$ cat start.txt   # compact mmCIF, N, CA and C atoms
# COMPACT_ATOMS: atom_id res chain seq x y z
N MET A 51 64.06 108.34 123.14
CA MET A 51 65.28 108.73 122.48
C MET A 51 66.49 108.40 123.34
N ASP A 52 66.37 108.63 124.65
CA ASP A 52 67.48 108.32 125.55
C ASP A 52 67.86 106.85 125.46
N GLN A 53 66.84 106.00 125.44
CA GLN A 53 67.11 104.56 125.41
C GLN A 53 67.82 104.13 124.13
N ILE A 54 67.53 104.80 123.03
CA ILE A 54 68.19 104.44 121.77
C ILE A 54 69.70 104.66 121.90
N VAL A 55 70.10 105.83 122.37
CA VAL A 55 71.54 106.08 122.48
C VAL A 55 72.16 105.29 123.62
N GLU A 56 71.43 105.10 124.71
CA GLU A 56 71.97 104.31 125.82
C GLU A 56 72.19 102.86 125.39
N ARG A 57 71.25 102.29 124.64
CA ARG A 57 71.42 100.91 124.18
C ARG A 57 72.51 100.81 123.14
N SER A 58 72.65 101.83 122.30
CA SER A 58 73.67 101.78 121.26
C SER A 58 75.09 101.86 121.82
N ILE A 59 75.21 102.42 122.99
CA ILE A 59 76.54 102.62 123.59
C ILE A 59 76.85 101.55 124.65
N LYS A 60 75.85 100.75 124.98
CA LYS A 60 76.01 99.75 126.03
C LYS A 60 77.22 98.86 125.75
N GLY A 61 78.10 98.78 126.71
CA GLY A 61 79.29 97.94 126.61
C GLY A 61 80.46 98.58 125.88
N LYS A 62 80.23 99.75 125.29
CA LYS A 62 81.31 100.40 124.54
C LYS A 62 82.16 101.30 125.41
N LEU A 63 81.57 101.95 126.38
CA LEU A 63 82.36 102.78 127.31
C LEU A 63 82.91 101.87 128.40
N LYS A 64 84.19 101.97 128.64
CA LYS A 64 84.86 101.07 129.58
C LYS A 64 85.16 101.72 130.93
N THR A 65 85.37 103.03 130.93
CA THR A 65 85.80 103.68 132.17
C THR A 65 84.64 104.41 132.84
N ASP A 66 84.66 104.43 134.15
CA ASP A 66 83.60 105.13 134.91
C ASP A 66 83.58 106.62 134.58
N LYS A 67 84.75 107.18 134.34
CA LYS A 67 84.84 108.60 134.01
C LYS A 67 83.97 108.94 132.80
N PHE A 68 84.09 108.15 131.74
CA PHE A 68 83.34 108.41 130.52
C PHE A 68 81.88 107.99 130.65
N LYS A 69 81.59 106.96 131.44
CA LYS A 69 80.20 106.57 131.67
C LYS A 69 79.45 107.69 132.40
N ARG A 70 80.09 108.28 133.41
CA ARG A 70 79.46 109.41 134.12
C ARG A 70 79.29 110.61 133.20
N LYS A 71 80.30 110.90 132.42
CA LYS A 71 80.26 112.02 131.47
C LYS A 71 79.11 111.82 130.47
N PHE A 72 78.94 110.61 129.98
CA PHE A 72 77.87 110.30 129.04
C PHE A 72 76.50 110.58 129.68
N GLN A 73 76.30 110.06 130.88
CA GLN A 73 75.01 110.25 131.54
C GLN A 73 74.74 111.71 131.88
N LYS A 74 75.73 112.39 132.39
CA LYS A 74 75.53 113.76 132.85
C LYS A 74 75.48 114.77 131.69
N GLU A 75 76.42 114.67 130.76
CA GLU A 75 76.57 115.72 129.76
C GLU A 75 75.86 115.43 128.44
N ILE A 76 75.52 114.19 128.17
CA ILE A 76 74.86 113.89 126.90
C ILE A 76 73.39 113.55 127.13
N VAL A 77 73.13 112.50 127.86
CA VAL A 77 71.74 112.11 128.10
C VAL A 77 71.06 113.10 129.04
N GLY A 78 71.75 113.49 130.09
CA GLY A 78 71.14 114.37 131.09
C GLY A 78 70.83 115.78 130.62
N ARG A 79 71.44 116.21 129.52
CA ARG A 79 71.21 117.57 129.02
C ARG A 79 70.30 117.61 127.79
N THR A 80 69.62 116.53 127.51
CA THR A 80 68.74 116.50 126.35
C THR A 80 67.30 116.52 126.83
N TYR A 81 66.62 117.62 126.53
CA TYR A 81 65.23 117.81 126.94
C TYR A 81 64.41 118.17 125.71
N GLY A 82 63.90 117.21 125.01
CA GLY A 82 63.08 117.51 123.85
C GLY A 82 63.01 116.33 122.91
N PHE A 83 62.18 116.49 121.89
CA PHE A 83 61.93 115.39 120.97
C PHE A 83 62.15 115.76 119.51
N MET A 84 62.71 116.93 119.24
CA MET A 84 62.95 117.33 117.86
C MET A 84 64.21 116.64 117.36
N TYR A 85 64.15 116.14 116.13
CA TYR A 85 65.29 115.40 115.58
C TYR A 85 66.53 116.28 115.48
N ASP A 86 66.43 117.40 114.75
CA ASP A 86 67.61 118.25 114.51
C ASP A 86 68.11 118.93 115.76
N LYS A 87 67.23 119.28 116.64
CA LYS A 87 67.61 120.06 117.83
C LYS A 87 68.03 119.19 119.01
N HIS A 88 67.46 117.99 119.14
CA HIS A 88 67.71 117.18 120.33
C HIS A 88 68.36 115.83 120.02
N PHE A 89 67.71 115.05 119.17
CA PHE A 89 68.17 113.68 118.95
C PHE A 89 69.50 113.61 118.20
N LEU A 90 69.61 114.29 117.07
CA LEU A 90 70.84 114.24 116.29
C LEU A 90 72.07 114.71 117.08
N PRO A 91 72.00 115.85 117.79
CA PRO A 91 73.16 116.24 118.60
C PRO A 91 73.53 115.18 119.67
N MET A 92 72.52 114.53 120.23
CA MET A 92 72.79 113.50 121.23
C MET A 92 73.50 112.31 120.59
N VAL A 93 73.10 111.92 119.39
CA VAL A 93 73.76 110.82 118.68
C VAL A 93 75.20 111.21 118.34
N ILE A 94 75.38 112.43 117.84
CA ILE A 94 76.72 112.88 117.47
C ILE A 94 77.65 112.89 118.69
N ARG A 95 77.15 113.39 119.81
CA ARG A 95 77.98 113.41 121.03
C ARG A 95 78.24 112.01 121.55
N THR A 96 77.27 111.11 121.38
CA THR A 96 77.44 109.72 121.82
C THR A 96 78.56 109.04 121.04
N VAL A 97 78.54 109.17 119.73
CA VAL A 97 79.60 108.59 118.91
C VAL A 97 80.94 109.22 119.29
N GLY A 98 80.94 110.52 119.50
CA GLY A 98 82.17 111.22 119.86
C GLY A 98 82.75 110.79 121.19
N ILE A 99 81.90 110.53 122.18
CA ILE A 99 82.42 110.16 123.50
C ILE A 99 83.04 108.77 123.46
N VAL A 100 82.50 107.88 122.64
CA VAL A 100 83.09 106.54 122.52
C VAL A 100 84.49 106.64 121.93
N GLU A 101 84.64 107.44 120.88
CA GLU A 101 85.95 107.60 120.25
C GLU A 101 86.91 108.37 121.17
N ALA A 102 86.39 109.35 121.90
CA ALA A 102 87.25 110.10 122.83
C ALA A 102 87.80 109.19 123.91
N GLU A 103 86.97 108.28 124.40
CA GLU A 103 87.46 107.34 125.41
C GLU A 103 88.52 106.41 124.81
N ARG A 104 88.28 105.93 123.59
CA ARG A 104 89.28 105.07 122.94
C ARG A 104 90.60 105.81 122.79
N LEU A 105 90.53 107.06 122.39
CA LEU A 105 91.74 107.86 122.22
C LEU A 105 92.46 108.06 123.55
N GLU A 106 91.71 108.41 124.59
CA GLU A 106 92.35 108.63 125.89
C GLU A 106 92.98 107.36 126.42
N ARG A 107 92.34 106.24 126.24
CA ARG A 107 92.91 104.97 126.69
C ARG A 107 94.18 104.63 125.90
N LEU A 108 94.19 104.94 124.61
CA LEU A 108 95.39 104.74 123.79
C LEU A 108 96.54 105.60 124.30
N LEU A 109 96.25 106.86 124.60
CA LEU A 109 97.29 107.77 125.09
C LEU A 109 97.76 107.38 126.49
N GLU A 110 96.85 106.91 127.33
CA GLU A 110 97.24 106.49 128.68
C GLU A 110 98.12 105.25 128.65
N ALA A 111 97.90 104.39 127.67
CA ALA A 111 98.65 103.12 127.61
C ALA A 111 100.15 103.34 127.46
N ASP A 112 100.55 104.37 126.75
CA ASP A 112 101.99 104.60 126.57
C ASP A 112 102.49 105.84 127.31
N GLY A 113 101.66 106.41 128.17
CA GLY A 113 102.09 107.57 128.96
C GLY A 113 101.94 108.91 128.25
N SER A 114 101.46 108.91 127.02
CA SER A 114 101.32 110.16 126.26
C SER A 114 100.30 111.11 126.87
N TYR A 115 99.27 110.54 127.47
CA TYR A 115 98.21 111.38 128.06
C TYR A 115 98.79 112.30 129.14
N GLN A 116 99.57 111.74 130.02
CA GLN A 116 100.15 112.52 131.10
C GLN A 116 101.11 113.58 130.57
N VAL A 117 101.91 113.23 129.56
CA VAL A 117 102.85 114.17 128.97
C VAL A 117 102.08 115.32 128.31
N LEU A 118 101.07 114.99 127.52
CA LEU A 118 100.29 116.01 126.84
C LEU A 118 99.60 116.93 127.83
N GLU A 119 99.00 116.35 128.85
CA GLU A 119 98.32 117.15 129.87
C GLU A 119 99.30 118.09 130.56
N ALA A 120 100.47 117.61 130.92
CA ALA A 120 101.47 118.44 131.60
C ALA A 120 101.96 119.57 130.69
N GLN A 121 102.22 119.26 129.43
CA GLN A 121 102.72 120.28 128.51
C GLN A 121 101.66 121.35 128.25
N LEU A 122 100.42 120.93 128.05
CA LEU A 122 99.34 121.90 127.82
C LEU A 122 99.08 122.75 129.06
N ASN A 123 99.15 122.15 130.23
CA ASN A 123 98.96 122.92 131.47
C ASN A 123 100.07 123.95 131.63
N GLN A 124 101.30 123.57 131.31
CA GLN A 124 102.42 124.51 131.41
C GLN A 124 102.25 125.67 130.43
N MET A 125 101.86 125.35 129.19
CA MET A 125 101.66 126.41 128.21
C MET A 125 100.50 127.32 128.60
N LYS A 126 99.49 126.76 129.25
CA LYS A 126 98.36 127.58 129.72
C LYS A 126 98.82 128.55 130.80
N LYS A 127 99.70 128.09 131.67
CA LYS A 127 100.23 128.98 132.71
C LYS A 127 100.97 130.16 132.08
N TYR A 128 101.80 129.86 131.08
CA TYR A 128 102.52 130.93 130.37
C TYR A 128 101.53 131.89 129.72
N ARG A 129 100.53 131.33 129.07
CA ARG A 129 99.54 132.15 128.38
C ARG A 129 98.76 133.01 129.37
N ASP A 130 98.31 132.42 130.47
CA ASP A 130 97.53 133.17 131.46
C ASP A 130 98.35 134.32 132.04
N LYS A 131 99.61 134.04 132.32
CA LYS A 131 100.47 135.08 132.89
C LYS A 131 100.62 136.25 131.92
N ALA A 132 100.81 135.94 130.66
CA ALA A 132 100.96 136.99 129.64
C ALA A 132 99.64 137.71 129.38
N ALA A 133 98.54 136.99 129.45
CA ALA A 133 97.24 137.58 129.12
C ALA A 133 96.75 138.54 130.20
N HIS A 134 97.21 138.37 131.40
CA HIS A 134 96.69 139.18 132.50
C HIS A 134 97.67 140.25 132.96
N THR A 135 98.51 140.69 132.07
CA THR A 135 99.45 141.76 132.41
C THR A 135 99.17 143.03 131.62
N TRP A 136 97.98 143.12 131.03
CA TRP A 136 97.67 144.24 130.17
C TRP A 136 97.69 145.57 130.91
N SER A 137 97.41 145.56 132.20
CA SER A 137 97.35 146.83 132.92
C SER A 137 98.72 147.30 133.40
N ASP A 138 99.62 146.36 133.65
CA ASP A 138 100.93 146.75 134.18
C ASP A 138 101.98 145.75 133.71
N LEU A 139 102.75 146.14 132.74
CA LEU A 139 103.80 145.26 132.22
C LEU A 139 105.12 145.39 132.96
N SER A 140 105.20 146.35 133.88
CA SER A 140 106.46 146.51 134.62
C SER A 140 106.68 145.29 135.50
N GLY A 141 107.83 144.75 135.42
CA GLY A 141 108.17 143.58 136.24
C GLY A 141 107.66 142.27 135.67
N ALA A 142 106.95 142.32 134.53
CA ALA A 142 106.45 141.09 133.94
C ALA A 142 107.61 140.29 133.36
N VAL A 143 107.63 139.01 133.67
CA VAL A 143 108.68 138.14 133.17
C VAL A 143 108.00 137.03 132.36
N PHE A 144 108.44 136.89 131.14
CA PHE A 144 107.87 135.87 130.27
C PHE A 144 108.93 134.82 129.98
N PRO A 145 108.50 133.59 129.74
CA PRO A 145 109.48 132.55 129.44
C PRO A 145 110.16 132.80 128.10
N ALA A 146 111.35 132.32 128.00
CA ALA A 146 112.08 132.42 126.73
C ALA A 146 111.36 131.59 125.68
N PRO A 147 111.42 132.01 124.43
CA PRO A 147 110.79 131.22 123.37
C PRO A 147 111.26 129.76 123.36
N SER A 148 112.49 129.54 123.74
CA SER A 148 113.00 128.17 123.76
C SER A 148 112.22 127.29 124.74
N MET A 149 111.72 127.88 125.82
CA MET A 149 110.93 127.09 126.77
C MET A 149 109.61 126.66 126.13
N LEU A 150 108.96 127.59 125.45
CA LEU A 150 107.71 127.24 124.78
C LEU A 150 107.94 126.24 123.67
N LEU A 151 109.03 126.42 122.94
CA LEU A 151 109.35 125.46 121.89
C LEU A 151 109.61 124.07 122.48
N GLY A 152 110.21 124.04 123.66
CA GLY A 152 110.41 122.76 124.34
C GLY A 152 109.10 122.08 124.67
N ASN A 153 108.13 122.88 125.15
CA ASN A 153 106.80 122.33 125.42
C ASN A 153 106.16 121.79 124.14
N LEU A 154 106.28 122.56 123.08
CA LEU A 154 105.70 122.13 121.81
C LEU A 154 106.41 120.91 121.24
N ASP A 155 107.73 120.86 121.39
CA ASP A 155 108.48 119.69 120.92
C ASP A 155 108.04 118.42 121.65
N ALA A 156 107.77 118.55 122.94
CA ALA A 156 107.33 117.39 123.72
C ALA A 156 105.90 116.96 123.34
N ALA A 157 105.07 117.94 122.98
CA ALA A 157 103.66 117.66 122.66
C ALA A 157 103.45 117.26 121.20
N TYR A 158 104.33 117.69 120.31
CA TYR A 158 104.13 117.47 118.87
C TYR A 158 103.92 116.00 118.48
N PRO A 159 104.74 115.07 118.97
CA PRO A 159 104.51 113.66 118.59
C PRO A 159 103.13 113.16 119.04
N ILE A 160 102.65 113.70 120.14
CA ILE A 160 101.33 113.29 120.64
C ILE A 160 100.25 113.90 119.75
N PHE A 161 100.45 115.14 119.32
CA PHE A 161 99.50 115.76 118.40
C PHE A 161 99.42 114.97 117.09
N THR A 162 100.56 114.49 116.61
CA THR A 162 100.53 113.71 115.36
C THR A 162 99.80 112.38 115.59
N LYS A 163 99.95 111.81 116.79
CA LYS A 163 99.21 110.59 117.12
C LYS A 163 97.71 110.88 117.17
N LEU A 164 97.33 112.02 117.75
CA LEU A 164 95.92 112.43 117.78
C LEU A 164 95.37 112.60 116.37
N TYR A 165 96.15 113.24 115.52
CA TYR A 165 95.73 113.46 114.14
C TYR A 165 95.54 112.14 113.41
N SER A 166 96.48 111.23 113.56
CA SER A 166 96.37 109.91 112.91
C SER A 166 95.14 109.17 113.40
N PHE A 167 94.88 109.23 114.68
CA PHE A 167 93.70 108.58 115.25
C PHE A 167 92.44 109.18 114.65
N ALA A 168 92.35 110.50 114.60
CA ALA A 168 91.17 111.17 114.07
C ALA A 168 90.94 110.84 112.60
N CYS A 169 92.01 110.68 111.85
CA CYS A 169 91.88 110.35 110.42
C CYS A 169 91.34 108.93 110.21
N ARG A 170 91.52 108.06 111.18
CA ARG A 170 91.05 106.67 111.04
C ARG A 170 89.61 106.49 111.50
N ILE A 171 89.02 107.48 112.11
CA ILE A 171 87.65 107.33 112.61
C ILE A 171 86.68 107.29 111.44
$ encode --input "start.txt" --output "structure tokens"
Amino acid sequence: MDQIVERSIKGKLKTDKFKRKFQKEIVGRTYGFMYDKHFLPMVIRTVGIVEAERLERLLEADGSYQVLEAQLNQMKKYRDKAAHTWSDLSGAVFPAPSMLLGNLDAAYPIFTKLYSFACRI
């Protein structure tokens, strides 16, 4: 079963990052011979990783990947700070809504690009 998906993907993954991810997280985590439980999920993840790499390369080509990553990381920091203040809200400072809206405004065009890409798959 491993050889089927490995041969089907041969030459399709271009970056070492995704080649390692494929071997470690898809092929390396499949232990069994049942179609529904082992083979089908491996095929689904294999098709998905090829498209994920295509999408990431598209986003990297115009700098969108870095922008999206930075905006999501910033929003995660805001979220984490707010989520971990349940015990003591005194002195807690949260960003103004306009800051979060700024992050979303910067990320929105990239989200629409992601959506368009997904619709074409």
$ closest_residue --input "start.txt" --among "A:Val117, A:Ala156, A:Cys169, A:Leu164" --to "Leu105 in chain A" --atoms "only N, CA and C atoms"
A:Leu164
$ select_by_dssp --input "start.txt" --residues "chain A" --states "alpha helix (DSSP H)" --output "ChimeraX atom specification"
/A:52-59,66-71,90-111,114-133,147-170
$ residues_around --input "start.txt" --residues "Thr96 in chain A" --least-positions-apart "5" --cutoff "7 Å" --atoms "all atoms listed in the file" --output "list of chain:residue names"
A:Val55, A:Ile76, A:Pro91, A:Glu101
$ residues_around --input "start.txt" --residues "Ile59 in chain A" --least-positions-apart "3" --cutoff "8 Å" --atoms "only N, CA and C atoms" --output "JSON, numbers by chain"
{"A": [53, 54, 55, 56, 62, 63, 96, 97, 100]}
$ residues_around --input "start.txt" --residues "range 125-129 of chain A" --least-positions-apart "5" --cutoff "8 Å" --atoms "all atoms listed in the file" --output "list in words"
Glu119, Ala120, His134, Phe144, Pro145, Leu150, Asn153 and Leu154 of chain A
$ closest_residue --input "start.txt" --among "A:Ile160, A:Asp130, A:Val143, A:Phe72" --to "Ser114 in chain A" --atoms "only N, CA and C atoms"
A:Ile160
$ atom_distance --input "start.txt" --atom1 "CA of Ile171 in chain A" --atom2 "CA of Phe68 in chain A"
18.5 Å
$ atom_distance --input "start.txt" --atom1 "CA of Gly98 in chain A" --atom2 "CA of Ala157 in chain A"
22.6 Å
$ closest_residue --input "start.txt" --among "A:Asp52, A:Phe161, A:Arg170, A:Asp155" --to "Tyr115 in chain A" --atoms "only C-alpha atoms"
A:Phe161
$ atom_distance --input "start.txt" --atom1 "CA of Thr65 in chain A" --atom2 "atom C of Gly82 in chain A"
27.7 Å
$ closest_residue --input "start.txt" --among "A:Lys71, A:His88, A:Ser58, A:Tyr158" --to "Leu122 in chain A" --atoms "only C-alpha atoms"
A:Tyr158
$ decode --input "start.txt" --residues "range 55-165 of chain A" --atoms "C-alpha atoms" --output "CSV table (one decimal), in the first residue's frame"
chain,number,residue,atom,x,y,z
A,55,VAL,CA,0.8,6.2,-2.7
A,56,GLU,CA,4.6,6.7,-3.0
A,57,ARG,CA,4.6,6.0,-6.7
A,58,SER,CA,1.5,8.1,-7.3
A,59,ILE,CA,3.1,11.1,-5.7
A,60,LYS,CA,6.5,10.6,-7.2
A,61,GLY,CA,7.7,13.9,-8.8
A,62,LYS,CA,4.7,15.9,-7.6
A,63,LEU,CA,6.1,17.2,-4.3
A,64,LYS,CA,8.8,19.7,-5.0
A,65,THR,CA,10.0,20.9,-1.6
A,66,ASP,CA,12.0,19.0,1.0
A,67,LYS,CA,9.6,20.2,3.7
A,68,PHE,CA,6.6,18.5,2.1
A,69,LYS,CA,8.6,15.4,1.1
A,70,ARG,CA,9.6,14.9,4.7
A,71,LYS,CA,6.1,15.6,5.9
A,72,PHE,CA,4.7,13.0,3.5
A,73,GLN,CA,7.1,10.3,4.6
A,74,LYS,CA,6.8,11.0,8.4
A,75,GLU,CA,3.1,11.9,8.8
A,76,ILE,CA,1.4,10.0,6.0
A,77,VAL,CA,3.4,6.9,5.1
A,78,GLY,CA,5.1,6.6,8.4
A,79,ARG,CA,1.9,6.6,10.4
A,80,THR,CA,0.1,3.9,8.5
A,81,TYR,CA,0.2,0.5,10.1
A,82,GLY,CA,-2.4,-1.8,8.7
A,83,PHE,CA,-4.0,-3.2,5.6
A,84,MET,CA,-7.7,-2.3,6.0
A,85,TYR,CA,-9.1,-0.2,3.1
A,86,ASP,CA,-11.3,2.1,5.1
A,87,LYS,CA,-9.1,2.4,8.2
A,88,HIS,CA,-5.6,2.6,6.6
A,89,PHE,CA,-5.4,2.8,2.8
A,90,LEU,CA,-8.2,5.3,2.1
A,91,PRO,CA,-7.0,7.9,4.7
A,92,MET,CA,-3.5,7.6,3.4
A,93,VAL,CA,-4.7,8.3,-0.2
A,94,ILE,CA,-6.8,11.2,1.0
A,95,ARG,CA,-3.9,12.7,2.9
A,96,THR,CA,-1.6,12.1,-0.1
A,97,VAL,CA,-3.8,14.1,-2.4
A,98,GLY,CA,-4.2,16.8,0.2
A,99,ILE,CA,-0.4,17.2,0.8
A,100,VAL,CA,0.2,17.7,-3.0
A,101,GLU,CA,-2.4,20.4,-3.1
A,102,ALA,CA,-1.2,22.0,0.2
A,103,GLU,CA,2.3,22.3,-1.3
A,104,ARG,CA,0.9,23.9,-4.5
A,105,LEU,CA,-1.0,26.4,-2.4
A,106,GLU,CA,1.9,27.2,-0.2
A,107,ARG,CA,4.2,27.7,-3.2
A,108,LEU,CA,1.5,30.0,-4.7
A,109,LEU,CA,1.3,32.1,-1.6
A,110,GLU,CA,5.1,32.2,-1.2
A,111,ALA,CA,5.5,33.4,-4.8
A,112,ASP,CA,3.8,36.7,-4.1
A,113,GLY,CA,4.7,37.1,-0.4
A,114,SER,CA,1.2,36.2,0.9
A,115,TYR,CA,2.5,33.3,2.9
A,116,GLN,CA,4.7,35.5,5.1
A,117,VAL,CA,1.9,38.1,5.6
A,118,LEU,CA,-0.7,35.4,6.5
A,119,GLU,CA,1.7,33.7,8.9
A,120,ALA,CA,2.5,37.0,10.6
A,121,GLN,CA,-1.1,38.1,10.9
A,122,LEU,CA,-2.3,34.7,12.3
A,123,ASN,CA,0.6,34.6,14.8
A,124,GLN,CA,-0.2,38.1,16.0
A,125,MET,CA,-3.9,37.2,16.4
A,126,LYS,CA,-2.9,34.1,18.3
A,127,LYS,CA,-0.9,36.2,20.7
A,128,TYR,CA,-3.9,38.4,21.3
A,129,ARG,CA,-6.1,35.3,21.8
A,130,ASP,CA,-3.7,33.5,24.1
A,131,LYS,CA,-3.3,36.6,26.3
A,132,ALA,CA,-7.1,37.0,26.6
A,133,ALA,CA,-7.6,33.2,27.1
A,134,HIS,CA,-5.2,32.9,30.0
A,135,THR,CA,-6.5,35.8,32.2
A,136,TRP,CA,-9.5,33.9,33.6
A,137,SER,CA,-8.1,33.9,37.1
A,138,ASP,CA,-7.1,37.5,37.4
A,139,LEU,CA,-8.4,40.2,35.0
A,140,SER,CA,-6.8,43.1,37.0
A,141,GLY,CA,-4.2,44.8,35.0
A,142,ALA,CA,-5.2,42.8,31.8
A,143,VAL,CA,-4.7,44.9,28.7
A,144,PHE,CA,-6.3,43.8,25.5
A,145,PRO,CA,-5.7,45.3,22.0
A,146,ALA,CA,-8.3,47.7,20.6
A,147,PRO,CA,-10.7,46.2,18.2
A,148,SER,CA,-9.2,48.3,15.5
A,149,MET,CA,-5.9,46.4,15.9
A,150,LEU,CA,-7.6,43.1,15.4
A,151,LEU,CA,-9.6,44.5,12.4
A,152,GLY,CA,-6.3,45.6,11.0
A,153,ASN,CA,-4.9,42.0,11.2
A,154,LEU,CA,-8.1,40.7,9.6
A,155,ASP,CA,-8.0,43.3,6.9
A,156,ALA,CA,-4.4,42.3,6.0
A,157,ALA,CA,-5.3,38.6,6.0
A,158,TYR,CA,-8.7,38.8,4.2
A,159,PRO,CA,-7.3,39.0,0.6
A,160,ILE,CA,-5.2,36.0,1.3
A,161,PHE,CA,-8.2,34.1,2.7
A,162,THR,CA,-10.1,34.9,-0.5
A,163,LYS,CA,-7.1,33.6,-2.5
A,164,LEU,CA,-7.2,30.4,-0.3
A,165,TYR,CA,-10.9,30.0,-0.9
